[in-house]
>>> print(open('start-v5.pdb').read())   # PDB, C-alpha atoms
ATOM      1  CA  THR A 230      97.060 111.068  99.748  1.00  0.00           C
ATOM      2  CA  GLN A 231     100.142 111.333 101.943  1.00  0.00           C
ATOM      3  CA  GLN A 232      98.764 114.486 103.463  1.00  0.00           C
ATOM      4  CA  LEU A 233      95.371 112.887 104.141  1.00  0.00           C
ATOM      5  CA  LEU A 234      96.979 109.884 105.772  1.00  0.00           C
ATOM      6  CA  SER A 235      99.187 111.971 107.984  1.00  0.00           C
ATOM      7  CA  GLY A 236      96.152 113.966 109.036  1.00  0.00           C
ATOM      8  CA  ARG A 237      97.914 117.212 108.392  1.00  0.00           C
ATOM      9  CA  VAL A 238      97.268 119.382 105.383  1.00  0.00           C
ATOM     10  CA  PRO A 239      99.850 122.128 105.026  1.00  0.00           C
ATOM     11  CA  ARG A 240      98.150 125.325 104.030  1.00  0.00           C
ATOM     12  CA  PRO A 241      99.991 128.433 102.926  1.00  0.00           C
ATOM     13  CA  LYS A 242     100.010 131.148 105.577  1.00  0.00           C
ATOM     14  CA  PRO A 243     100.810 134.826 105.078  1.00  0.00           C
ATOM     15  CA  PHE A 244     104.015 136.199 106.594  1.00  0.00           C
ATOM     16  CA  ARG A 245     105.587 139.627 106.513  1.00  0.00           C
ATOM     17  CA  VAL A 246     109.288 139.613 105.902  1.00  0.00           C
ATOM     18  CA  THR A 247     111.616 142.560 106.309  1.00  0.00           C
ATOM     19  CA  ASN A 248     115.302 143.078 105.655  1.00  0.00           C
ATOM     20  CA  ALA A 249     117.895 143.803 108.338  1.00  0.00           C
ATOM     21  CA  ASP A 250     117.500 147.594 108.246  1.00  0.00           C
ATOM     22  CA  ARG A 251     113.697 147.352 107.923  1.00  0.00           C
ATOM     23  CA  SER A 252     113.738 149.451 104.737  1.00  0.00           C
ATOM     24  CA  VAL A 253     111.716 146.880 102.775  1.00  0.00           C
ATOM     25  CA  LYS A 254     108.897 144.605 103.949  1.00  0.00           C
ATOM     26  CA  LYS A 255     107.034 142.056 101.830  1.00  0.00           C
ATOM     27  CA  GLY A 256     103.919 139.980 102.316  1.00  0.00           C
ATOM     28  CA  ILE A 257     104.736 136.407 101.395  1.00  0.00           C
ATOM     29  CA  MET A 258     102.626 133.233 101.426  1.00  0.00           C
ATOM     30  CA  ALA A 259     104.415 130.075 102.492  1.00  0.00           C
ATOM     31  CA  GLU A 260     103.592 126.532 103.536  1.00  0.00           C
ATOM     32  CA  THR A 261     106.920 125.603 105.039  1.00  0.00           C
ATOM     33  CA  LEU A 262     110.072 127.270 106.285  1.00  0.00           C
ATOM     34  CA  GLU A 263     111.918 126.020 103.223  1.00  0.00           C
ATOM     35  CA  ASP A 264     109.204 127.435 100.983  1.00  0.00           C
ATOM     36  CA  LEU A 265     109.439 130.789 102.748  1.00  0.00           C
ATOM     37  CA  MET A 266     113.236 130.858 102.499  1.00  0.00           C
ATOM     38  CA  ASN A 267     113.042 130.327  98.736  1.00  0.00           C
ATOM     39  CA  LYS A 268     110.423 133.018  98.268  1.00  0.00           C
ATOM     40  CA  VAL A 269     112.247 135.509 100.499  1.00  0.00           C
ATOM     41  CA  SER A 270     115.388 134.924  98.532  1.00  0.00           C
ATOM     42  CA  ASP A 271     113.597 135.974  95.328  1.00  0.00           C
ATOM     43  CA  SER A 272     111.308 138.637  96.705  1.00  0.00           C
ATOM     44  CA  LEU A 273     113.873 140.519  98.758  1.00  0.00           C
ATOM     45  CA  SER A 274     116.811 139.731  96.478  1.00  0.00           C
ATOM     46  CA  VAL A 275     118.796 137.928  99.138  1.00  0.00           C
ATOM     47  CA  PRO A 276     120.795 135.264  97.336  1.00  0.00           C
ATOM     48  CA  CYS A 277     122.207 133.685 100.451  1.00  0.00           C
ATOM     49  CA  ILE A 278     120.051 133.724 103.589  1.00  0.00           C
ATOM     50  CA  MET A 279     121.970 133.305 106.821  1.00  0.00           C
ATOM     51  CA  ALA A 280     118.942 133.282 109.126  1.00  0.00           C
ATOM     52  CA  LEU A 281     115.284 134.102 109.498  1.00  0.00           C
ATOM     53  CA  VAL A 282     114.482 135.605 112.894  1.00  0.00           C
ATOM     54  CA  LEU A 283     111.389 137.010 114.548  1.00  0.00           C
ATOM     55  CA  ASP A 284     111.304 140.769 114.107  1.00  0.00           C
ATOM     56  CA  GLU A 285     109.930 141.248 117.611  1.00  0.00           C
ATOM     57  CA  ASP A 286     112.802 139.729 119.571  1.00  0.00           C
ATOM     58  CA  GLY A 287     115.342 138.216 117.197  1.00  0.00           C
ATOM     59  CA  THR A 288     114.431 134.593 117.920  1.00  0.00           C
ATOM     60  CA  GLY A 289     115.951 132.390 115.227  1.00  0.00           C
ATOM     61  CA  VAL A 290     113.468 130.280 113.255  1.00  0.00           C
ATOM     62  CA  ASP A 291     115.575 127.269 112.330  1.00  0.00           C
ATOM     63  CA  THR A 292     113.152 124.369 112.284  1.00  0.00           C
ATOM     64  CA  GLU A 293     109.958 123.480 110.443  1.00  0.00           C
ATOM     65  CA  GLU A 294     108.405 122.497 113.782  1.00  0.00           C
ATOM     66  CA  PHE A 295     108.862 125.925 115.330  1.00  0.00           C
ATOM     67  CA  PHE A 296     107.889 127.605 112.056  1.00  0.00           C
ATOM     68  CA  GLU A 297     104.523 125.812 112.105  1.00  0.00           C
ATOM     69  CA  THR A 298     103.650 127.413 115.434  1.00  0.00           C
ATOM     70  CA  LEU A 299     103.925 130.949 114.045  1.00  0.00           C
ATOM     71  CA  SER A 300     100.653 132.745 113.552  1.00  0.00           C
ATOM     72  CA  GLU A 301      99.514 134.426 110.359  1.00  0.00           C
ATOM     73  CA  ASN A 302     101.222 137.685 109.510  1.00  0.00           C
ATOM     74  CA  THR A 303     104.110 137.146 111.894  1.00  0.00           C
ATOM     75  CA  VAL A 304     106.852 139.602 110.990  1.00  0.00           C
ATOM     76  CA  LEU A 305     110.179 137.953 110.245  1.00  0.00           C
ATOM     77  CA  MET A 306     113.546 139.509 109.476  1.00  0.00           C
ATOM     78  CA  VAL A 307     115.933 138.008 106.969  1.00  0.00           C
ATOM     79  CA  LEU A 308     119.623 138.221 107.834  1.00  0.00           C
ATOM     80  CA  GLU A 309     122.528 137.913 105.446  1.00  0.00           C
ATOM     81  CA  LYS A 310     126.063 137.080 106.456  1.00  0.00           C
ATOM     82  CA  GLY A 311     127.455 139.786 108.741  1.00  0.00           C
ATOM     83  CA  GLN A 312     124.030 141.169 109.625  1.00  0.00           C
ATOM     84  CA  SER A 313     122.396 140.825 112.999  1.00  0.00           C
ATOM     85  CA  TRP A 314     119.030 141.549 114.506  1.00  0.00           C
ATOM     86  CA  THR A 315     118.562 144.847 116.315  1.00  0.00           C
ATOM     87  CA  PRO A 316     115.564 145.828 118.400  1.00  0.00           C
ATOM     88  CA  TYR A 317     112.877 147.889 116.784  1.00  0.00           C
ATOM     89  CA  LEU A 318     113.111 151.496 117.951  1.00  0.00           C
ATOM     90  CA  LYS A 319     109.703 152.887 118.610  1.00  0.00           C
ATOM     91  CA  TYR A 320     108.959 156.279 117.097  1.00  0.00           C
ATOM     92  CA  ARG A 321     109.128 158.138 120.377  1.00  0.00           C
ATOM     93  CA  ASP A 322     112.671 156.923 120.990  1.00  0.00           C
ATOM     94  CA  GLN A 323     113.793 158.367 117.698  1.00  0.00           C
ATOM     95  CA  LEU A 324     112.682 161.898 118.543  1.00  0.00           C
TER      96      LEU A 324
ATOM     97  CA  THR B   2      99.163 103.312 123.257  1.00  0.00           C
ATOM     98  CA  GLN B   3     101.422 104.139 126.173  1.00  0.00           C
ATOM     99  CA  GLN B   4     100.334 107.747 125.935  1.00  0.00           C
ATOM    100  CA  LEU B   5      96.645 106.823 125.861  1.00  0.00           C
ATOM    101  CA  LEU B   6      97.012 104.556 128.885  1.00  0.00           C
ATOM    102  CA  SER B   7      98.825 107.176 130.905  1.00  0.00           C
ATOM    103  CA  GLY B   8      96.075 109.649 130.068  1.00  0.00           C
ATOM    104  CA  ARG B   9      98.578 112.285 129.139  1.00  0.00           C
ATOM    105  CA  VAL B  10      99.574 113.085 125.608  1.00  0.00           C
ATOM    106  CA  PRO B  11     102.796 115.074 125.564  1.00  0.00           C
ATOM    107  CA  ARG B  12     102.649 117.659 122.841  1.00  0.00           C
ATOM    108  CA  PRO B  13     105.670 119.659 121.754  1.00  0.00           C
ATOM    109  CA  LYS B  14     105.489 123.308 122.759  1.00  0.00           C
ATOM    110  CA  PRO B  15     107.516 126.179 121.332  1.00  0.00           C
ATOM    111  CA  PHE B  16     110.134 127.834 123.546  1.00  0.00           C
ATOM    112  CA  ARG B  17     112.624 130.612 122.921  1.00  0.00           C
ATOM    113  CA  VAL B  18     116.063 129.940 124.293  1.00  0.00           C
ATOM    114  CA  THR B  19     118.837 132.473 124.572  1.00  0.00           C
ATOM    115  CA  ASN B  20     122.463 132.292 125.646  1.00  0.00           C
ATOM    116  CA  ALA B  21     123.911 134.008 128.711  1.00  0.00           C
ATOM    117  CA  ASP B  22     124.777 137.283 126.943  1.00  0.00           C
ATOM    118  CA  ARG B  23     121.512 137.233 124.924  1.00  0.00           C
ATOM    119  CA  SER B  24     123.413 137.490 121.638  1.00  0.00           C
ATOM    120  CA  VAL B  25     121.623 134.482 120.144  1.00  0.00           C
ATOM    121  CA  LYS B  26     118.036 133.333 120.591  1.00  0.00           C
ATOM    122  CA  LYS B  27     116.447 130.273 118.993  1.00  0.00           C
ATOM    123  CA  GLY B  28     112.912 128.998 118.641  1.00  0.00           C
ATOM    124  CA  ILE B  29     112.859 125.385 119.767  1.00  0.00           C
ATOM    125  CA  MET B  30     110.043 122.824 120.003  1.00  0.00           C
ATOM    126  CA  ALA B  31     110.183 120.449 122.953  1.00  0.00           C
ATOM    127  CA  GLU B  32     107.968 117.979 124.761  1.00  0.00           C
ATOM    128  CA  THR B  33     109.961 117.629 127.936  1.00  0.00           C
ATOM    129  CA  LEU B  34     112.732 119.394 129.809  1.00  0.00           C
ATOM    130  CA  GLU B  35     115.139 116.643 128.827  1.00  0.00           C
ATOM    131  CA  ASP B  36     114.098 116.994 125.185  1.00  0.00           C
ATOM    132  CA  LEU B  37     114.647 120.741 125.347  1.00  0.00           C
ATOM    133  CA  MET B  38     118.076 120.335 126.983  1.00  0.00           C
ATOM    134  CA  ASN B  39     119.193 118.048 124.163  1.00  0.00           C
ATOM    135  CA  LYS B  40     117.932 120.376 121.464  1.00  0.00           C
ATOM    136  CA  VAL B  41     119.432 123.453 123.114  1.00  0.00           C
ATOM    137  CA  SER B  42     122.747 121.699 123.316  1.00  0.00           C
ATOM    138  CA  ASP B  43     122.741 121.195 119.539  1.00  0.00           C
ATOM    139  CA  SER B  44     121.031 124.372 118.461  1.00  0.00           C
ATOM    140  CA  LEU B  45     123.065 126.786 120.561  1.00  0.00           C
ATOM    141  CA  SER B  46     126.259 124.732 120.532  1.00  0.00           C
ATOM    142  CA  VAL B  47     126.395 124.321 124.270  1.00  0.00           C
ATOM    143  CA  PRO B  48     128.022 120.958 124.926  1.00  0.00           C
ATOM    144  CA  CYS B  49     127.535 120.998 128.669  1.00  0.00           C
ATOM    145  CA  ILE B  50     124.466 122.746 130.062  1.00  0.00           C
ATOM    146  CA  MET B  51     124.726 123.803 133.688  1.00  0.00           C
ATOM    147  CA  ALA B  52     121.211 125.202 133.987  1.00  0.00           C
ATOM    148  CA  LEU B  53     118.132 126.439 132.195  1.00  0.00           C
ATOM    149  CA  VAL B  54     116.595 129.492 133.844  1.00  0.00           C
ATOM    150  CA  LEU B  55     113.724 131.822 133.054  1.00  0.00           C
ATOM    151  CA  ASP B  56     115.015 134.840 131.147  1.00  0.00           C
ATOM    152  CA  GLU B  57     112.647 137.163 132.951  1.00  0.00           C
ATOM    153  CA  ASP B  58     113.910 136.577 136.476  1.00  0.00           C
ATOM    154  CA  GLY B  59     116.522 133.838 136.539  1.00  0.00           C
ATOM    155  CA  THR B  60     114.280 131.158 138.064  1.00  0.00           C
ATOM    156  CA  GLY B  61     115.926 127.766 137.598  1.00  0.00           C
ATOM    157  CA  VAL B  62     113.871 125.199 135.715  1.00  0.00           C
ATOM    158  CA  ASP B  63     115.095 121.930 137.198  1.00  0.00           C
ATOM    159  CA  THR B  64     112.113 119.597 137.132  1.00  0.00           C
ATOM    160  CA  GLU B  65     109.810 118.183 134.476  1.00  0.00           C
ATOM    161  CA  GLU B  66     106.828 119.123 136.641  1.00  0.00           C
ATOM    162  CA  PHE B  67     107.718 122.813 136.719  1.00  0.00           C
ATOM    163  CA  PHE B  68     108.696 122.730 133.042  1.00  0.00           C
ATOM    164  CA  GLU B  69     105.233 121.466 132.124  1.00  0.00           C
ATOM    165  CA  THR B  70     103.655 124.562 133.646  1.00  0.00           C
ATOM    166  CA  LEU B  71     105.516 126.942 131.346  1.00  0.00           C
ATOM    167  CA  SER B  72     103.430 128.562 128.654  1.00  0.00           C
ATOM    168  CA  GLU B  73     104.217 128.547 124.955  1.00  0.00           C
ATOM    169  CA  ASN B  74     107.074 130.787 123.860  1.00  0.00           C
ATOM    170  CA  THR B  75     108.463 131.245 127.344  1.00  0.00           C
ATOM    171  CA  VAL B  76     111.973 132.677 127.041  1.00  0.00           C
ATOM    172  CA  LEU B  77     114.630 130.587 128.752  1.00  0.00           C
ATOM    173  CA  MET B  78     118.331 131.237 129.193  1.00  0.00           C
ATOM    174  CA  VAL B  79     120.900 128.487 128.998  1.00  0.00           C
ATOM    175  CA  LEU B  80     123.846 128.763 131.374  1.00  0.00           C
ATOM    176  CA  GLU B  81     127.184 127.067 131.037  1.00  0.00           C
ATOM    177  CA  LYS B  82     129.638 126.538 133.869  1.00  0.00           C
ATOM    178  CA  GLY B  83     130.794 129.883 135.266  1.00  0.00           C
ATOM    179  CA  GLN B  84     127.900 131.833 133.723  1.00  0.00           C
ATOM    180  CA  SER B  85     125.076 133.378 135.670  1.00  0.00           C
ATOM    181  CA  TRP B  86     121.791 135.057 134.899  1.00  0.00           C
ATOM    182  CA  THR B  87     121.713 138.856 134.696  1.00  0.00           C
ATOM    183  CA  PRO B  88     118.634 141.031 134.369  1.00  0.00           C
ATOM    184  CA  TYR B  89     117.592 142.220 130.957  1.00  0.00           C
ATOM    185  CA  LEU B  90     118.412 145.883 130.359  1.00  0.00           C
ATOM    186  CA  LYS B  91     115.639 147.556 128.461  1.00  0.00           C
ATOM    187  CA  TYR B  92     116.653 149.768 125.545  1.00  0.00           C
ATOM    188  CA  ARG B  93     116.187 152.981 127.473  1.00  0.00           C
ATOM    189  CA  ASP B  94     118.703 151.795 130.067  1.00  0.00           C
ATOM    190  CA  GLN B  95     121.354 151.407 127.417  1.00  0.00           C
ATOM    191  CA  LEU B  96     121.176 155.023 126.284  1.00  0.00           C
TER     192      LEU B  96
END
>>> encode(input="start-v5.pdb", output="structure tokens")
Amino acid sequence: TQQLLSGRVPRPKPFRVTNADRSVKKGIMAETLEDLMNKVSDSLSVPCIMALVLDEDGTGVDTEEFFETLSENTVLMVLEKGQSWTPYLKYRDQL
Amino acid sequence: TQQLLSGRVPRPKPFRVTNADRSVKKGIMAETLEDLMNKVSDSLSVPCIMALVLDEDGTGVDTEEFFETLSENTVLMVLEKGQSWTPYLKYRDQL
């Protein structure tokens, strides 16, 4: 009822979440940032999440408001304490 | 009612705001330039903002009118006293 009254029905969206060295990536459904944090914690075995950032440019996703603007299948990176985002090296740069 | 009468409904837009050395970037929702300034101050721990400039070319965003023309997810840089904008070095330039 609350959701109907507020005119906004949260619907789970798919996200892709990777770890700091991009060795693991998981598809995770989440309705809210908090929901995603909890699921990432389990799925990627990260007990204590320091930050969730956009994989593309390292933008920190700190608020539910900004989280809601993300499109389906956005790739996020989870950071633990001491880890930081690094740019994705395209294949040709690794040759 | 105010918003209906004025014929303009401000809607929060997502922005990405980085600090002067681009070590931190945050996704922030804001309706107005003033709103964004306040949120940047908290989110990036910048007590006294000297300027907000476009990350791409250092253009100063000083007025609400210009701010309104920015598209979603524009990257802005916050400058404190004594800091200035510097061009972004692409990865290949750092090799």
>>> resolve_selection(input="start-v5.pdb", expression="the PyMOL selection byres ((chain A) within 6 of (chain B))", output="list in words")
Thr288, Gly289, Val290 and Phe295 of chain A
>>> atom_distance(input="start-v5.pdb", atom1="CA of Ile278 in chain A", atom2="CA of Glu260 in chain A")
18.0 Å
>>> atom_distance(input="start-v5.pdb", atom1="CA of Asn248 in chain A", atom2="CA of Leu273 in chain A")
7.5 Å
>>> residues_near_point(input="start-v5.pdb", point="(120.5, 137.0, 98.4)", cutoff="12 Å", atoms="all atoms listed in the file", output="compact mmCIF listing (two decimals) with C-alpha atoms, in the coordinates of the input")
# COMPACT_ATOMS: atom_id res chain seq x y z
CA ASN A 248 115.30 143.08 105.66
CA MET A 266 113.24 130.86 102.50
CA ASN A 267 113.04 130.33 98.74
CA LYS A 268 110.42 133.02 98.27
CA VAL A 269 112.25 135.51 100.50
CA SER A 270 115.39 134.92 98.53
CA ASP A 271 113.60 135.97 95.33
CA SER A 272 111.31 138.64 96.70
CA LEU A 273 113.87 140.52 98.76
CA SER A 274 116.81 139.73 96.48
CA VAL A 275 118.80 137.93 99.14
CA PRO A 276 120.80 135.26 97.34
CA CYS A 277 122.21 133.68 100.45
CA ILE A 278 120.05 133.72 103.59
CA MET A 279 121.97 133.30 106.82
CA ALA A 280 118.94 133.28 109.13
CA VAL A 307 115.93 138.01 106.97
CA LEU A 308 119.62 138.22 107.83
CA GLU A 309 122.53 137.91 105.45
CA LYS A 310 126.06 137.08 106.46
>>> atom_distance(input="start-v5.pdb", atom1="CA of Thr70 in chain B", atom2="CA of Asp291 in chain A")
24.6 Å
>>> decode(input="start-v5.pdb", residues="range 253-266 of chain A", atoms="N, CA, C and O atoms", output="PDB file, in the first residue's frame")
ATOM      1  N   VAL A 253      36.542 -11.880 -10.622  1.00  0.00           N
ATOM      2  CA  VAL A 253      35.226 -12.490 -10.466  1.00  0.00           C
ATOM      3  C   VAL A 253      34.169 -11.454 -10.799  1.00  0.00           C
ATOM      4  O   VAL A 253      34.310 -10.281 -10.451  1.00  0.00           O
ATOM      5  N   LYS A 254      33.117 -11.855 -11.506  1.00  0.00           N
ATOM      6  CA  LYS A 254      32.002 -10.943 -11.773  1.00  0.00           C
ATOM      7  C   LYS A 254      30.703 -11.720 -11.621  1.00  0.00           C
ATOM      8  O   LYS A 254      30.596 -12.833 -12.120  1.00  0.00           O
ATOM      9  N   LYS A 255      29.734 -11.129 -10.917  1.00  0.00           N
ATOM     10  CA  LYS A 255      28.473 -11.819 -10.659  1.00  0.00           C
ATOM     11  C   LYS A 255      27.283 -10.991 -11.104  1.00  0.00           C
ATOM     12  O   LYS A 255      27.293  -9.761 -10.929  1.00  0.00           O
ATOM     13  N   GLY A 256      26.282 -11.667 -11.629  1.00  0.00           N
ATOM     14  CA  GLY A 256      25.016 -11.010 -11.938  1.00  0.00           C
ATOM     15  C   GLY A 256      24.139 -11.047 -10.707  1.00  0.00           C
ATOM     16  O   GLY A 256      23.891 -12.107 -10.153  1.00  0.00           O
ATOM     17  N   ILE A 257      23.693  -9.896 -10.276  1.00  0.00           N
ATOM     18  CA  ILE A 257      22.936  -9.810  -9.019  1.00  0.00           C
ATOM     19  C   ILE A 257      21.705  -8.925  -9.201  1.00  0.00           C
ATOM     20  O   ILE A 257      21.798  -7.833  -9.761  1.00  0.00           O
ATOM     21  N   MET A 258      20.549  -9.407  -8.747  1.00  0.00           N
ATOM     22  CA  MET A 258      19.322  -8.621  -8.797  1.00  0.00           C
ATOM     23  C   MET A 258      19.194  -7.825  -7.505  1.00  0.00           C
ATOM     24  O   MET A 258      19.404  -8.376  -6.416  1.00  0.00           O
ATOM     25  N   ALA A 259      18.848  -6.559  -7.626  1.00  0.00           N
ATOM     26  CA  ALA A 259      18.672  -5.764  -6.405  1.00  0.00           C
ATOM     27  C   ALA A 259      17.667  -4.650  -6.617  1.00  0.00           C
ATOM     28  O   ALA A 259      17.533  -4.114  -7.716  1.00  0.00           O
ATOM     29  N   GLU A 260      16.933  -4.352  -5.548  1.00  0.00           N
ATOM     30  CA  GLU A 260      15.941  -3.272  -5.597  1.00  0.00           C
ATOM     31  C   GLU A 260      16.518  -1.954  -5.122  1.00  0.00           C
ATOM     32  O   GLU A 260      16.136  -0.898  -5.585  1.00  0.00           O
ATOM     33  N   THR A 261      17.415  -2.060  -4.148  1.00  0.00           N
ATOM     34  CA  THR A 261      17.977  -0.854  -3.546  1.00  0.00           C
ATOM     35  C   THR A 261      19.479  -1.042  -3.375  1.00  0.00           C
ATOM     36  O   THR A 261      19.993  -2.150  -3.486  1.00  0.00           O
ATOM     37  N   LEU A 262      20.154   0.062  -3.094  1.00  0.00           N
ATOM     38  CA  LEU A 262      21.594   0.002  -2.874  1.00  0.00           C
ATOM     39  C   LEU A 262      21.903  -0.891  -1.665  1.00  0.00           C
ATOM     40  O   LEU A 262      22.826  -1.711  -1.700  1.00  0.00           O
ATOM     41  N   GLU A 263      21.086  -0.747  -0.633  1.00  0.00           N
ATOM     42  CA  GLU A 263      21.299  -1.551   0.568  1.00  0.00           C
ATOM     43  C   GLU A 263      21.153  -3.036   0.248  1.00  0.00           C
ATOM     44  O   GLU A 263      21.959  -3.871   0.672  1.00  0.00           O
ATOM     45  N   ASP A 264      20.107  -3.336  -0.521  1.00  0.00           N
ATOM     46  CA  ASP A 264      19.844  -4.705  -0.957  1.00  0.00           C
ATOM     47  C   ASP A 264      21.056  -5.247  -1.727  1.00  0.00           C
ATOM     48  O   ASP A 264      21.531  -6.357  -1.473  1.00  0.00           O
ATOM     49  N   LEU A 265      21.560  -4.437  -2.642  1.00  0.00           N
ATOM     50  CA  LEU A 265      22.706  -4.868  -3.448  1.00  0.00           C
ATOM     51  C   LEU A 265      23.940  -5.110  -2.573  1.00  0.00           C
ATOM     52  O   LEU A 265      24.639  -6.106  -2.725  1.00  0.00           O
ATOM     53  N   MET A 266      24.176  -4.197  -1.653  1.00  0.00           N
ATOM     54  CA  MET A 266      25.330  -4.325  -0.746  1.00  0.00           C
ATOM     55  C   MET A 266      25.268  -5.674  -0.011  1.00  0.00           C
ATOM     56  O   MET A 266      26.275  -6.377   0.082  1.00  0.00           O
TER      57      MET A 266
END
